[in-house]
$ cat input.csv   # CSV, C-alpha atoms and all ligand atoms
chain,number,residue,atom,x,y,z
A,1,MET,CA,150.0,143.1,191.8
A,2,LYS,CA,147.9,142.9,194.9
A,3,LEU,CA,144.8,141.3,193.4
A,4,LYS,CA,144.8,138.0,195.5
A,5,GLU,CA,141.9,139.1,197.7
A,6,TYR,CA,140.0,140.5,194.7
A,7,ARG,CA,140.2,137.2,192.9
A,8,LYS,CA,139.6,135.0,195.9
A,9,LYS,CA,136.2,136.7,196.4
A,10,ARG,CA,134.9,136.2,192.8
A,11,GLN,CA,134.1,133.3,190.4
A,12,PHE,CA,135.1,134.6,187.0
A,13,ASP,CA,133.1,132.0,185.1
A,14,SER,CA,129.9,133.4,186.7
A,15,THR,CA,130.5,137.2,187.0
A,16,PRO,CA,131.1,139.6,184.1
A,17,GLU,CA,133.7,141.4,186.2
A,18,PRO,CA,137.3,141.4,184.9
A,19,ARG,CA,139.8,139.0,186.4
A,20,GLY,CA,142.6,141.5,185.7
A,21,SER,CA,145.7,140.8,183.7
A,22,SER,CA,148.8,139.8,185.6
A,23,ALA,CA,150.9,142.5,184.0
A,24,PRO,CA,148.8,145.5,182.9
A,25,ALA,CA,150.6,147.7,180.4
A,26,ARG,CA,151.3,151.2,181.6
A,27,LYS,CA,149.9,153.8,179.2
A,28,ALA,CA,152.3,156.3,177.7
A,29,GLY,CA,151.8,159.7,179.2
A,30,GLY,CA,151.3,158.4,182.7
A,31,LEU,CA,147.8,159.8,183.4
A,32,LEU,CA,146.3,158.0,186.4
A,33,VAL,CA,142.7,156.7,186.2
A,34,TYR,CA,140.0,157.8,188.6
A,35,VAL,CA,136.6,156.2,188.7
A,36,VAL,CA,133.5,156.2,191.0
A,37,GLN,CA,131.2,153.2,190.6
A,38,LYS,CA,127.7,153.5,192.1
A,39,HIS,CA,126.9,150.0,193.3
A,40,MET,CA,123.4,148.9,194.4
A,41,SER,CA,124.2,145.5,196.1
A,42,SER,CA,123.1,144.6,199.6
A,43,HIS,CA,123.1,148.3,200.3
A,44,LEU,CA,123.8,151.3,198.1
A,45,HIS,CA,127.3,152.7,198.1
A,46,TYR,CA,129.8,154.4,195.8
A,47,ASP,CA,133.1,152.7,195.1
A,48,PHE,CA,135.8,155.3,194.8
A,49,ARG,CA,138.9,154.1,193.0
A,50,LEU,CA,142.3,155.6,192.2
A,51,GLU,CA,144.9,154.0,190.0
A,52,TRP,CA,148.2,153.4,191.7
A,53,ARG,CA,151.0,151.1,190.9
A,54,GLY,CA,149.0,149.0,188.4
A,55,VAL,CA,145.9,148.5,190.5
A,56,LEU,CA,142.9,150.5,191.6
A,57,LEU,CA,143.1,151.5,195.2
A,58,SER,CA,139.5,151.3,196.4
A,59,TRP,CA,137.2,152.7,199.1
A,60,ALA,CA,133.5,152.1,199.6
A,61,VAL,CA,131.7,155.4,200.4
A,62,PRO,CA,128.2,154.6,201.7
A,63,LYS,CA,126.7,158.1,201.2
A,64,GLY,CA,128.8,159.0,198.1
A,65,PRO,CA,131.1,162.0,197.7
A,66,SER,CA,130.0,165.5,198.8
A,67,LEU,CA,131.1,168.7,197.1
A,68,ASP,CA,130.6,170.6,200.4
A,69,PRO,CA,133.9,171.0,202.3
A,70,VAL,CA,132.2,170.9,205.7
A,71,VAL,CA,130.8,167.4,204.9
A,72,LYS,CA,133.1,164.5,205.7
A,73,ARG,CA,132.1,161.2,204.1
A,74,LEU,CA,133.0,157.8,205.6
A,75,ALA,CA,135.2,155.8,203.1
A,76,MET,CA,136.0,152.2,204.0
A,77,GLN,CA,139.0,150.9,202.2
A,78,THR,CA,138.3,147.7,200.3
A,79,GLU,CA,140.5,145.3,198.3
A,80,ASP,CA,142.5,146.6,195.4
A,81,HIS,CA,140.8,146.1,192.0
A,82,PRO,CA,142.3,145.4,188.6
A,83,LEU,CA,142.8,148.4,186.3
A,84,GLU,CA,140.3,146.9,183.9
A,85,TYR,CA,137.6,147.3,186.5
A,86,ALA,CA,137.5,151.0,185.6
A,87,LYS,CA,135.5,150.1,182.5
A,88,PHE,CA,133.0,147.9,184.2
A,89,GLU,CA,129.3,148.8,184.2
A,90,GLY,CA,126.7,146.1,184.4
A,91,VAL,CA,125.1,143.5,186.6
A,92,ILE,CA,126.9,141.1,189.0
A,93,PRO,CA,124.7,138.0,189.1
A,94,ALA,CA,122.8,136.9,192.2
A,95,GLY,CA,124.8,134.7,194.4
A,96,GLN,CA,128.1,136.3,193.4
A,97,TYR,CA,130.2,138.6,195.6
A,98,GLY,CA,128.7,142.1,195.4
A,99,ALA,CA,125.6,140.9,193.5
A,100,GLY,CA,123.7,143.8,192.1
A,101,THR,CA,124.0,146.6,189.7
A,102,VAL,CA,127.1,148.7,189.0
A,103,MET,CA,127.1,152.1,187.3
A,104,LEU,CA,130.1,154.1,186.1
A,105,TRP,CA,128.9,157.2,188.0
A,106,ASP,CA,132.1,159.3,187.3
A,107,ARG,CA,135.4,158.8,185.6
A,108,GLY,CA,138.5,160.7,184.6
A,109,THR,CA,142.0,161.1,185.8
A,110,TRP,CA,143.6,162.1,189.1
A,111,GLN,CA,146.9,163.8,190.2
A,112,PRO,CA,148.5,163.4,193.6
A,113,GLU,CA,149.2,166.8,195.3
A,114,ASN,CA,152.2,165.3,197.2
A,115,ALA,CA,155.3,164.0,195.4
A,116,ASP,CA,155.5,160.8,197.5
A,117,VAL,CA,152.2,159.0,197.1
A,118,ASP,CA,153.4,155.9,198.9
A,119,ALA,CA,154.4,157.9,201.9
A,120,SER,CA,151.1,159.7,201.9
A,121,LEU,CA,149.2,156.4,201.8
A,122,GLN,CA,151.4,155.1,204.6
A,123,LYS,CA,150.7,158.2,206.6
A,124,GLY,CA,147.0,158.0,205.9
A,125,GLU,CA,146.5,161.4,204.4
A,126,ILE,CA,146.5,161.6,200.6
A,127,LYS,CA,145.7,164.9,198.8
A,128,PHE,CA,144.8,164.8,195.2
A,129,THR,CA,143.1,166.7,192.3
A,130,LEU,CA,140.3,165.0,190.4
A,131,HIS,CA,139.6,165.6,186.7
A,132,GLY,CA,136.2,163.8,186.4
A,133,LYS,CA,132.9,164.7,184.8
A,134,LYS,CA,131.2,165.2,188.2
A,135,LEU,CA,134.0,165.5,190.7
A,136,GLN,CA,136.8,168.0,190.1
A,137,GLY,CA,139.3,170.0,192.0
A,138,SER,CA,141.1,169.3,195.2
A,139,TRP,CA,140.2,166.5,197.7
A,140,VAL,CA,141.7,164.6,200.6
A,141,LEU,CA,141.3,161.1,202.0
A,142,VAL,CA,142.3,160.9,205.7
A,143,ARG,CA,142.6,157.6,207.6
A,144,THR,CA,140.9,157.6,210.9
A,145,ARG,CA,141.1,153.9,212.0
A,146,GLY,CA,142.5,150.6,211.1
A,147,PHE,CA,146.2,151.5,210.7
A,148,GLY,CA,148.4,148.5,210.9
A,149,SER,CA,147.9,144.8,210.3
A,150,ASN,CA,145.1,145.0,207.7
A,151,PRO,CA,145.2,148.3,205.7
A,152,ALA,CA,142.5,147.0,203.4
A,153,ARG,CA,140.1,147.2,206.3
A,154,SER,CA,140.9,150.7,207.4
A,155,THR,CA,138.4,153.6,207.7
A,156,TRP,CA,139.0,156.9,206.0
A,157,LEU,CA,137.1,160.2,205.4
A,158,LEU,CA,136.7,161.7,202.0
A,159,ILE,CA,136.6,165.5,202.1
A,160,LYS,CA,136.4,168.2,199.4
A,161,HIS,CA,138.9,171.0,199.8
A,162,ARG,CA,137.8,174.6,199.4
A,163,ASP,CA,138.3,175.7,195.8
A,164,ARG,CA,136.2,176.8,192.9
A,165,TYR,CA,134.5,173.4,192.6
A,166,ALA,CA,133.3,173.4,196.1
A,167,THR,CA,129.5,173.8,196.4
A,168,THR,CA,126.6,172.8,198.6
A,169,LYS,CA,124.8,171.2,195.6
A,170,ASP,CA,124.0,167.6,196.2
A,171,VAL,CA,125.8,166.0,193.4
A,172,THR,CA,124.6,162.4,194.1
A,173,GLN,CA,121.0,163.5,193.9
A,174,GLU,CA,121.3,166.0,191.1
A,175,GLU,CA,123.6,163.9,188.8
A,176,PRO,CA,122.4,160.3,189.3
A,177,ARG,CA,123.2,159.0,185.8
A,178,SER,CA,126.1,157.1,184.4
A,179,ALA,CA,129.0,159.1,183.2
A,180,ALA,CA,129.6,156.4,180.5
A,181,SER,CA,126.1,155.6,179.3
A,182,GLN,CA,123.8,158.2,180.8
A,183,ARG,CA,121.7,155.4,182.2
A,184,LEU,CA,120.1,155.2,185.6
A,185,LEU,CA,120.7,152.1,187.8
A,186,ALA,CA,117.3,150.7,186.9
A,187,GLU,CA,118.0,151.1,183.2
A,188,ILE,CA,121.4,149.3,183.5
A,189,ALA,CA,119.6,146.5,185.3
A,190,ARG,CA,116.9,146.4,182.6
A,191,ASP,CA,119.4,146.2,179.8
A,192,GLU,CA,121.7,143.7,181.4
A,193,GLY,CA,119.2,141.3,182.9
A,194,GLY,CA,119.4,142.5,186.5
A,195,ASP,CA,116.8,143.1,189.2
A,196,ILE,CA,115.2,146.4,188.0
A,197,GLU,CA,113.1,147.1,191.1
A,198,ARG,CA,116.0,146.5,193.4
A,199,ALA,CA,118.3,148.7,191.2
A,200,SER,CA,115.7,151.4,191.2
A,201,LEU,CA,116.0,151.8,194.9
A,202,GLY,CA,119.4,153.4,194.3
A,203,ASP,CA,118.0,156.0,191.8
A,204,PRO,CA,116.5,159.2,193.1
A,205,GLY,CA,112.9,160.2,192.5
A,206,ILE,CA,111.7,156.6,192.5
A,207,LYS,CA,108.1,157.5,193.3
A,208,ALA,CA,107.9,159.9,190.3
A,209,ARG,CA,109.3,157.2,188.0
A,210,ARG,CA,106.8,154.5,189.1
A,211,THR,CA,104.6,155.6,186.2
A,212,THR,CA,107.3,155.7,183.5
A,213,PRO,CA,107.3,153.2,180.7
A,214,LEU,CA,110.6,151.7,182.1
A,215,LEU,CA,109.0,150.2,185.1
A,216,SER,CA,105.5,149.6,183.9
A,217,ALA,CA,107.0,147.7,181.0
A,218,SER,CA,108.1,145.1,183.6
A,219,GLY,CA,104.5,144.4,184.2
A,220,ARG,CA,105.0,144.5,188.0
A,221,ILE,CA,103.7,148.0,188.6
A,222,ALA,CA,100.0,148.2,188.9
B,301,MN,MN,131.0,147.8,195.8
$ encode --input "input.csv" --output "structure tokens"
Amino acid sequence: MKLKEYRKKRQFDSTPEPRGSSAPARKAGGLLVYVVQKHMSSHLHYDFRLEWRGVLLSWAVPKGPSLDPVVKRLAMQTEDHPLEYAKFEGVIPAGQYGAGTVMLWDRGTWQPENADVDASLQKGEIKFTLHGKKLQGSWVLVRTRGFGSNPARSTWLLIKHRDRYATTKDVTQEEPRSAASQRLLAEIARDEGGDIERASLGDPGIKARRTTPLLSASGRIA
């Protein structure tokens, strides 16, 4: 387990995020979890996570994934997260690390395309197939900087490979809702006691929704 950094950053009596068990049970069948969490904190980003060796390897992707193979998306590796985090959708309270609203934007399973995943990670080029609701087919993460002393601070690129799932459709704009609850960020914030207006900055079409009952119900929209 490599959750020391994850736990050090968080106060588990104040945040609803999971602490993570010390010895998570491996599921029979061996399917590896994949999840993308859309996270409106100090800035909007998409946390891309792949289960490996009992934790979720994690990258923060500021612009989110692109289904267009010519588009390379910056992905900054962050601390490993506990497997239980793959189920988390909700609000991280103000004052806590990553304070803001978290949406389960996509989830499913993944398969490495190379036999030796550890060697691929070491080399900084991991090819994989995603079986999500929004992201599918073949992808690659390529490390560009930060190799060496602190791999959890390295910079990678997330790129879609050419296959039948490749398209120029803007998936982050066209499919903005939770894969788990179908809620927008503002709706998650509303339901879980978060900052609705701040969360709504991460939802598309904010101007159009200014007149919807969701926001006028807060009494803050004239
Ligand atoms: Mn995040």
$ closest_atom_pairs --input "input.csv" --of "chain A" --to "ligand MN 301 (chain B)" --cutoff "7 Å" --atoms "all atoms listed in the file" --output "JSON lines"
{"residue": "A:His39", "atom": "CA", "partner": "B:MN301", "partner_atom": "MN", "distance": 5.3}
{"residue": "A:His45", "atom": "CA", "partner": "B:MN301", "partner_atom": "MN", "distance": 6.6}
{"residue": "A:Tyr46", "atom": "CA", "partner": "B:MN301", "partner_atom": "MN", "distance": 6.7}
{"residue": "A:Asp47", "atom": "CA", "partner": "B:MN301", "partner_atom": "MN", "distance": 5.4}
{"residue": "A:Ala60", "atom": "CA", "partner": "B:MN301", "partner_atom": "MN", "distance": 6.3}
{"residue": "A:Gly98", "atom": "CA", "partner": "B:MN301", "partner_atom": "MN", "distance": 6.2}
$ residues_near_point --input "input.csv" --point "(147.4, 166.1, 183.3)" --cutoff "9 Å" --atoms "only C-alpha atoms" --output "list in words"
Gly29, Gly30, Leu31, Leu32, Thr109, Trp110, Gln111 and His131 of chain A
$ write_last_selection --input "input.csv" --atoms "C-alpha atoms" --output "PDB file, in the frame of the given file"
ATOM      1  CA  GLY A  29     151.800 159.700 179.200  1.00  0.00           C
ATOM      2  CA  GLY A  30     151.300 158.400 182.700  1.00  0.00           C
ATOM      3  CA  LEU A  31     147.800 159.800 183.400  1.00  0.00           C
ATOM      4  CA  LEU A  32     146.300 158.000 186.400  1.00  0.00           C
ATOM      5  CA  THR A 109     142.000 161.100 185.800  1.00  0.00           C
ATOM      6  CA  TRP A 110     143.600 162.100 189.100  1.00  0.00           C
ATOM      7  CA  GLN A 111     146.900 163.800 190.200  1.00  0.00           C
ATOM      8  CA  HIS A 131     139.600 165.600 186.700  1.00  0.00           C
TER       9      HIS A 131
END
$ atom_distance --input "input.csv" --atom1 "atom CA of A:Arg162" --atom2 "atom CA of A:Pro112"
16.5 Å
$ residues_around --input "input.csv" --residues "A:Asp191" --least-positions-apart "6" --cutoff "12 Å" --atoms "only C-alpha atoms" --output "JSON, numbers by chain"
{"A": [89, 90, 91, 101, 181, 183, 184, 185, 199, 214, 218]}
$ residues_near_point --input "input.csv" --point "(128.7, 160.4, 193.3)" --cutoff "9 Å" --atoms "only C-alpha atoms" --output "list in words"
Val36, Gln37, Lys38, Tyr46, Phe48, Lys63, Gly64, Pro65, Ser66, Trp105, Asp106, Lys134, Leu135, Val171, Thr172, Gln173, Glu175 and Pro176 of chain A
$ write_last_selection --input "input.csv" --atoms "C-alpha atoms" --output "compact mmCIF listing (two decimals), in the coordinates of the input"
# COMPACT_ATOMS: atom_id res chain seq x y z
CA VAL A 36 133.50 156.20 191.00
CA GLN A 37 131.20 153.20 190.60
CA LYS A 38 127.70 153.50 192.10
CA TYR A 46 129.80 154.40 195.80
CA PHE A 48 135.80 155.30 194.80
CA LYS A 63 126.70 158.10 201.20
CA GLY A 64 128.80 159.00 198.10
CA PRO A 65 131.10 162.00 197.70
CA SER A 66 130.00 165.50 198.80
CA TRP A 105 128.90 157.20 188.00
CA ASP A 106 132.10 159.30 187.30
CA LYS A 134 131.20 165.20 188.20
CA LEU A 135 134.00 165.50 190.70
CA VAL A 171 125.80 166.00 193.40
CA THR A 172 124.60 162.40 194.10
CA GLN A 173 121.00 163.50 193.90
CA GLU A 175 123.60 163.90 188.80
CA PRO A 176 122.40 160.30 189.30
$ residues_around --input "input.csv" --residues "stretch 74-86 of chain A" --least-positions-apart "5" --cutoff "7 Å" --atoms "only C-alpha atoms" --output "list in words"
Lys2, Leu3, Glu5, Tyr6, Pro18, Gly20, Val35, Gly54, Val55, Leu56, Leu57, Ser58, Trp59, Ala60, Val61, Pro62, Ala152, Arg153, Ser154, Thr155, Trp156, Leu157 and Leu158 of chain A
$ atom_distance --input "input.csv" --atom1 "atom CA of A:Ala179" --atom2 "atom CA of A:Lys133"
7.0 Å
$ closest_atom_pairs --input "input.csv" --of "stretch 7-59 of chain A" --to "stretch 117-121 of chain A" --cutoff "12 Å" --atoms "all atoms listed in the file" --output "JSON lines"
{"residue": "A:Leu50", "atom": "CA", "partner": "A:Val117", "partner_atom": "CA", "distance": 11.6}
{"residue": "A:Glu51", "atom": "CA", "partner": "A:Val117", "partner_atom": "CA", "distance": 11.3}
{"residue": "A:Trp52", "atom": "CA", "partner": "A:Val117", "partner_atom": "CA", "distance": 8.7}
{"residue": "A:Arg53", "atom": "CA", "partner": "A:Asp118", "partner_atom": "CA", "distance": 9.6}
{"residue": "A:Leu57", "atom": "CA", "partner": "A:Leu121", "partner_atom": "CA", "distance": 10.2}
$ atom_distance --input "input.csv" --atom1 "atom CA of A:Tyr34" --atom2 "atom CA of A:Val142"
17.5 Å
$ closest_residue --input "input.csv" --among "A:Thr167, A:Glu187, A:Phe128, A:Ser41" --to "A:Ser200" --atoms "only C-alpha atoms"
A:Glu187
$ closest_residue --input "input.csv" --among "A:His161, A:Arg73, A:Arg19, A:Lys127" --to "A:Lys4" --atoms "only C-alpha atoms"
A:Arg19
